[in-house]
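Okay, so here's the structure we're looking at.
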Amino acid sequence: AMRSFEAASCQCGFPHSADLFERITSKSWMADLSLHPLSRLPACVLTTKDKVLTNCSKAAQDAMDSLHHIRALNPLKVEEGEPACPSAVNKDGITKGVVKLGWSWENRFVSVWNSKSELEKRLKDMMSQPGCTASSCIVQEWVDFDFEMRQYYLPPHPCVPGARLTPTRIECNAWGTRSNENTVGQSHASFSKLSADDCIKRWNGDEAAWEMAKERATEVAQFLLAWLQSINGAPVTMIRLDFMCKRTGDGKARVIFGEYCEMGACCLGWKEGPPTIWKAALDAALRH
């Protein structure tokens, strides 16, 4: 429907243009960008439905081998004294990860696997759901993290070449312990909002680590925003970038990119968020 409007010379102002909306929400970019060191993404591959339904054992093995290959080509830097990155369990080889679908939100349609046999089952369950029309699913390595940092960006228009962009707002949240239920399509963990003070308390009052996490996430965001601009031909009107944050020592933190969230994504505790974003959407539409 969106492409039909665009073909009739009507630009789509919310949430994005049709092509960009599809790229963001399909999550296919997770595989595209996992080879790029600036993305700070976990290793990721797309596994197609035909492989899962015809030979799930081989599909699982191929996915695990591919994750190993991607991580070998794009190792995440670990400083002296820090835990393995992005997870301790996979420090000697990838044995744990997640299977997920594109167009899914808030920990739904996300299943954890801890072995090849579990990955087989998760792939089959994910691709065999009644009514599932997805042609592929996403397989990623596991990431250790303490909480999520969600950065909200409203880039200026027109673009200022080379300018460093900073988030308009930062909100954080934490996930509770995952349940062992294998039900596909349900969230498997509780969700809680965190203030900056809450995050610092979780890190034993380490404000320096908190500041490092914000700085490193903002630095990674420069590449992520530029990549969106490269496939859109202009800055996005609004985007939310979610980062997984882990304290790795006194005054030290690491961030791993989780996902892009389209304009209209949850604003958590940012009460002024919805009107701010709607105004930006309207301003962008009027510019055209």
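Labeling convention for the structure tokens: chains A, B, ... as they appear, residues from 1 per chain, ligands from 1 in order of appearance.
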Residue contacts of range 32-35 of chain A (8 Å, only C-alpha atoms) excluding same-chain residues fewer than 2 positions away, as an NGL selection string: :A and (28-30 or 37 or 39-44 or 70-71 or 73-74)
Backbone-only DSSP, alpha helix (DSSP H) members of range 224-276 of chain A, as a list in words: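 Those residues are Leu224, Leu225, Ala226, Trp227, Leu228, Gln229, Ser230, Ile231, Asn232, Gly273, Pro274, Pro275 and Thr276 of chain A.
The residue set within 12 Å of Ala281 in chain A, counting only C-alpha atoms and dropping same-chain residues fewer than 3 places from it, reads Cys12, Gly13, Phe14, Pro15, His16, Ser17, Leu154, Pro155, His157, Val236, Thr237, Met238, Ile239, Glu262, Met263, Gly264, Pro274, Pro275, Thr276, Ile277, Trp278, Ala284, Ala285, Leu286, Arg287 and His288 of chain A.
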Distance of CA of Ala208 in chain A from CA of Gly251 in chain A, expressed in Å to one decimal place: 4.5 Å
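Per DSSP on the backbone, strand (DSSP E) in range 34-136 of chain A comprises Cys44, Val45, Leu46, Thr47, Thr48, Gly97, Val98, Val99, Lys100, Val110, Ser111, Val112, Trp113 and Ser136 of chain A.
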Selected residues, N, CA, C and O atoms, written as a CSV table (one decimal), in the first residue's frame, please.
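Heads up, here's the output in result-v6.csv:
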chain,number,residue,atom,x,y,z
A,44,CYS,N,25.7,-12.5,13.0
A,44,CYS,CA,24.3,-12.8,12.6
A,44,CYS,C,24.2,-13.4,11.2
A,44,CYS,O,25.0,-13.0,10.3
A,45,VAL,N,23.3,-14.3,11.0
A,45,VAL,CA,23.0,-14.9,9.7
A,45,VAL,C,21.5,-15.0,9.5
A,45,VAL,O,20.8,-15.0,10.5
A,46,LEU,N,21.1,-15.0,8.3
A,46,LEU,CA,19.7,-15.3,7.9
A,46,LEU,C,19.6,-16.7,7.5
A,46,LEU,O,20.3,-17.1,6.6
A,47,THR,N,18.7,-17.4,8.0
A,47,THR,CA,18.4,-18.8,7.7
A,47,THR,C,17.1,-18.9,7.0
A,47,THR,O,16.1,-18.5,7.6
A,48,THR,N,17.0,-19.5,5.8
A,48,THR,CA,15.8,-19.4,5.0
A,48,THR,C,14.9,-20.6,5.4
A,48,THR,O,15.3,-21.7,5.8
A,97,GLY,N,22.9,-18.7,21.5
A,97,GLY,CA,22.5,-17.6,20.7
A,97,GLY,C,21.0,-17.5,20.8
A,97,GLY,O,20.3,-18.1,21.6
A,98,VAL,N,20.4,-16.7,19.8
A,98,VAL,CA,19.0,-16.5,19.7
A,98,VAL,C,18.5,-16.7,18.3
A,98,VAL,O,19.3,-16.5,17.3
A,99,VAL,N,17.3,-17.1,18.1
A,99,VAL,CA,16.6,-17.1,16.9
A,99,VAL,C,15.4,-16.2,17.0
A,99,VAL,O,14.7,-16.1,18.0
A,100,LYS,N,15.3,-15.3,16.0
A,100,LYS,CA,14.2,-14.3,16.0
A,100,LYS,C,13.6,-14.1,14.6
A,100,LYS,O,14.3,-14.4,13.6
A,110,VAL,N,11.4,-14.4,19.9
A,110,VAL,CA,12.8,-14.5,20.2
A,110,VAL,C,13.0,-15.8,21.1
A,110,VAL,O,12.4,-15.8,22.2
A,111,SER,N,13.8,-16.7,20.6
A,111,SER,CA,14.0,-18.0,21.3
A,111,SER,C,15.5,-18.2,21.5
A,111,SER,O,16.3,-18.0,20.6
A,112,VAL,N,15.9,-18.6,22.7
A,112,VAL,CA,17.3,-18.9,23.0
A,112,VAL,C,17.6,-20.3,22.7
A,112,VAL,O,16.8,-21.2,22.9
A,113,TRP,N,18.9,-20.5,22.2
A,113,TRP,CA,19.4,-21.9,22.0
A,113,TRP,C,20.8,-22.0,22.7
A,113,TRP,O,21.5,-21.1,22.7
A,136,SER,N,12.5,-16.2,6.0
A,136,SER,CA,13.8,-16.5,6.8
A,136,SER,C,13.6,-16.0,8.2
A,136,SER,O,12.7,-15.3,8.6
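You will find CA of Pro83 in chain A at 20.8 Å from CA of Thr177 in chain A.
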For Met149 in chain A, the nearest of the candidates A:Leu282, A:Leu38, A:Ile256, A:Cys10, counting only C-alpha atoms: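 The shortest atom-to-atom distance to Met149 in chain A comes from A:Ile256.
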A:Met127, A:Cys85, A:Cys267, A:Ala63 ranked by distance to Leu241 in chain A, top pick (using only C-alpha atoms):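 Of all the options, A:Cys267 lies closest to Leu241 in chain A.
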Of the listed residues A:Glu120, A:Cys261, A:Arg164, A:Glu141, that which approaches Lys91 in chain A most closely, counting only C-alpha atoms: A:Glu141
Distance of CA of Phe147 in chain A from CA of Met244 in chain A, expressed in Å to one decimal place: 6.0 Å
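Considering the residues A:Val143, A:Ala226, A:Val255, A:Ala72 and counting only C-alpha atoms, Ala88 in chain A has its shortest atom-to-atom contact with A:Val143.
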